[in-house]
Amino acid sequence: MPKSPIPNDLRINLSELRSQEFSYKEIAKIKGVSTATAFRYSRQVSLGRTALDRLALRRFPSRAKAIKQWQQAGVEAKTLFFPKISEENMPLILTCLHWCEGNKGELSFINSDPSMVKIYIKGLQSIGVGLEQMRFTLRSYSGHDDGELVSFWSNFLGISKGWFGKIDHIKGNKQGKLQYGMCRVRVLKGAYYFKLIMSMIELVKKIHTLP
């Protein structure tokens, strides 16, 4: 049985509410019609991207809360860090990175996060390690293209492809989780710098853990 048409003035009201950025569910509740009816007679109203985003946030309040928290956290992070973080802080950043991810027996560091590797290199340079002392190797997994990996890391780190040595091929498909494989940074004749970093780690421990 075909549905009876609704009055023309109601159709206009439904469209007007939609133009005011009400959701179809809200329109239905306000006018006492079904959500399907609200959709049928107001879907022709075109809303911009901003308006649609506002509607989505109202439908999912937890998402709106999360977005607000991210915005607040971004502002607070700048308050906590800047202008405190500067080139003078790079040795401390290097110390923390090596403490967490570095080799505890020699001066080498491997990670899949390109930004972390780049910052580690910058940290090494801040304590006097020259780029010519560093050697770079990549770890590739099944599904990776060696040429693409070298090109990516070369471009991201801002170093020539010639700086990269062998590529270690590891069995197992981790391409999805490790999109760019892993990059290892090793320092030649880095015994003193290794001792320096480990001494800085011990100093941080002493300052912040002892009574």
# chains A, B, ... in the order shown; residues from 1 in each chain; ligands from 1
$ select_by_dssp --residues "stretch 73-174 of chain A" --states "strand (DSSP E or B)" --output "ChimeraX atom specification"
/A:102,108-111,134-141,164-170
$ write_last_selection --atoms "N, CA and C atoms" --output "compact mmCIF listing (two decimals), in the first residue's frame"
# COMPACT_ATOMS: atom_id res chain seq x y z
N GLY A 102 68.27 1.86 22.87
CA GLY A 102 69.62 1.63 22.38
C GLY A 102 70.24 0.34 22.88
N SER A 108 74.92 1.55 19.32
CA SER A 108 74.07 1.29 18.16
C SER A 108 72.62 1.40 18.59
N PHE A 109 71.78 1.65 17.60
CA PHE A 109 70.37 1.94 17.86
C PHE A 109 69.57 1.46 16.67
N ILE A 110 68.48 0.74 16.90
CA ILE A 110 67.64 0.27 15.80
C ILE A 110 66.18 0.52 16.14
N ASN A 111 65.44 1.00 15.14
CA ASN A 111 64.03 1.28 15.38
C ASN A 111 63.28 1.35 14.06
N MET A 134 79.06 7.30 11.33
CA MET A 134 77.85 6.47 11.45
C MET A 134 77.71 5.53 10.27
N ARG A 135 77.20 4.36 10.55
CA ARG A 135 76.91 3.37 9.52
C ARG A 135 75.45 2.97 9.65
N PHE A 136 74.80 2.84 8.51
CA PHE A 136 73.36 2.58 8.51
C PHE A 136 73.06 1.26 7.79
N THR A 137 72.28 0.42 8.44
CA THR A 137 71.81 -0.82 7.81
C THR A 137 70.30 -0.90 7.99
N LEU A 138 69.65 -1.61 7.09
CA LEU A 138 68.20 -1.73 7.13
C LEU A 138 67.80 -3.18 7.38
N ARG A 139 66.65 -3.34 7.99
CA ARG A 139 66.08 -4.67 8.21
C ARG A 139 64.80 -4.75 7.39
N SER A 140 64.77 -5.71 6.48
CA SER A 140 63.64 -5.85 5.56
C SER A 140 62.89 -7.14 5.84
N TYR A 141 61.57 -7.08 5.72
CA TYR A 141 60.72 -8.25 5.93
C TYR A 141 60.05 -8.65 4.62
N PHE A 164 74.06 3.69 3.16
CA PHE A 164 73.43 2.46 3.65
C PHE A 164 74.22 1.22 3.21
N GLY A 165 74.49 0.37 4.19
CA GLY A 165 75.22 -0.86 3.90
C GLY A 165 74.27 -1.97 3.54
N LYS A 166 74.52 -3.14 4.09
CA LYS A 166 73.73 -4.31 3.74
C LYS A 166 72.30 -4.20 4.27
N ILE A 167 71.44 -4.99 3.66
CA ILE A 167 70.06 -5.08 4.13
C ILE A 167 69.84 -6.48 4.68
N ASP A 168 69.44 -6.54 5.93
CA ASP A 168 69.16 -7.83 6.56
C ASP A 168 67.75 -8.26 6.21
N HIS A 169 67.62 -9.41 5.60
CA HIS A 169 66.29 -9.92 5.21
C HIS A 169 65.80 -10.90 6.26
N ILE A 170 64.69 -10.56 6.88
CA ILE A 170 64.12 -11.35 7.96
C ILE A 170 62.87 -12.07 7.44
$ residues_around --residues "A:Arg43" --least-positions-apart "2" --cutoff "12 Å" --atoms "only C-alpha atoms" --output "PyMOL selection string"
chain A and resi 11-12+14-19+21-24+27+35-41+45-47
$ closest_atom_pairs --of "stretch 102-187 of chain A" --to "stretch 194-204 of chain A" --cutoff "10 Å" --atoms "only C-alpha atoms" --output "tab-separated table"
residue	atom	partner	partner_atom	distance
A:Asn103	CA	A:Phe194	CA	9.6
A:Lys104	CA	A:Met198	CA	8.1
A:Gly105	CA	A:Phe194	CA	8.5
A:Glu106	CA	A:Phe194	CA	6.4
A:Leu107	CA	A:Phe194	CA	5.1
A:Ser108	CA	A:Phe194	CA	8.8
A:Leu124	CA	A:Ile197	CA	9.4
A:Ile127	CA	A:Leu196	CA	8.9
A:Val187	CA	A:Phe194	CA	9.0
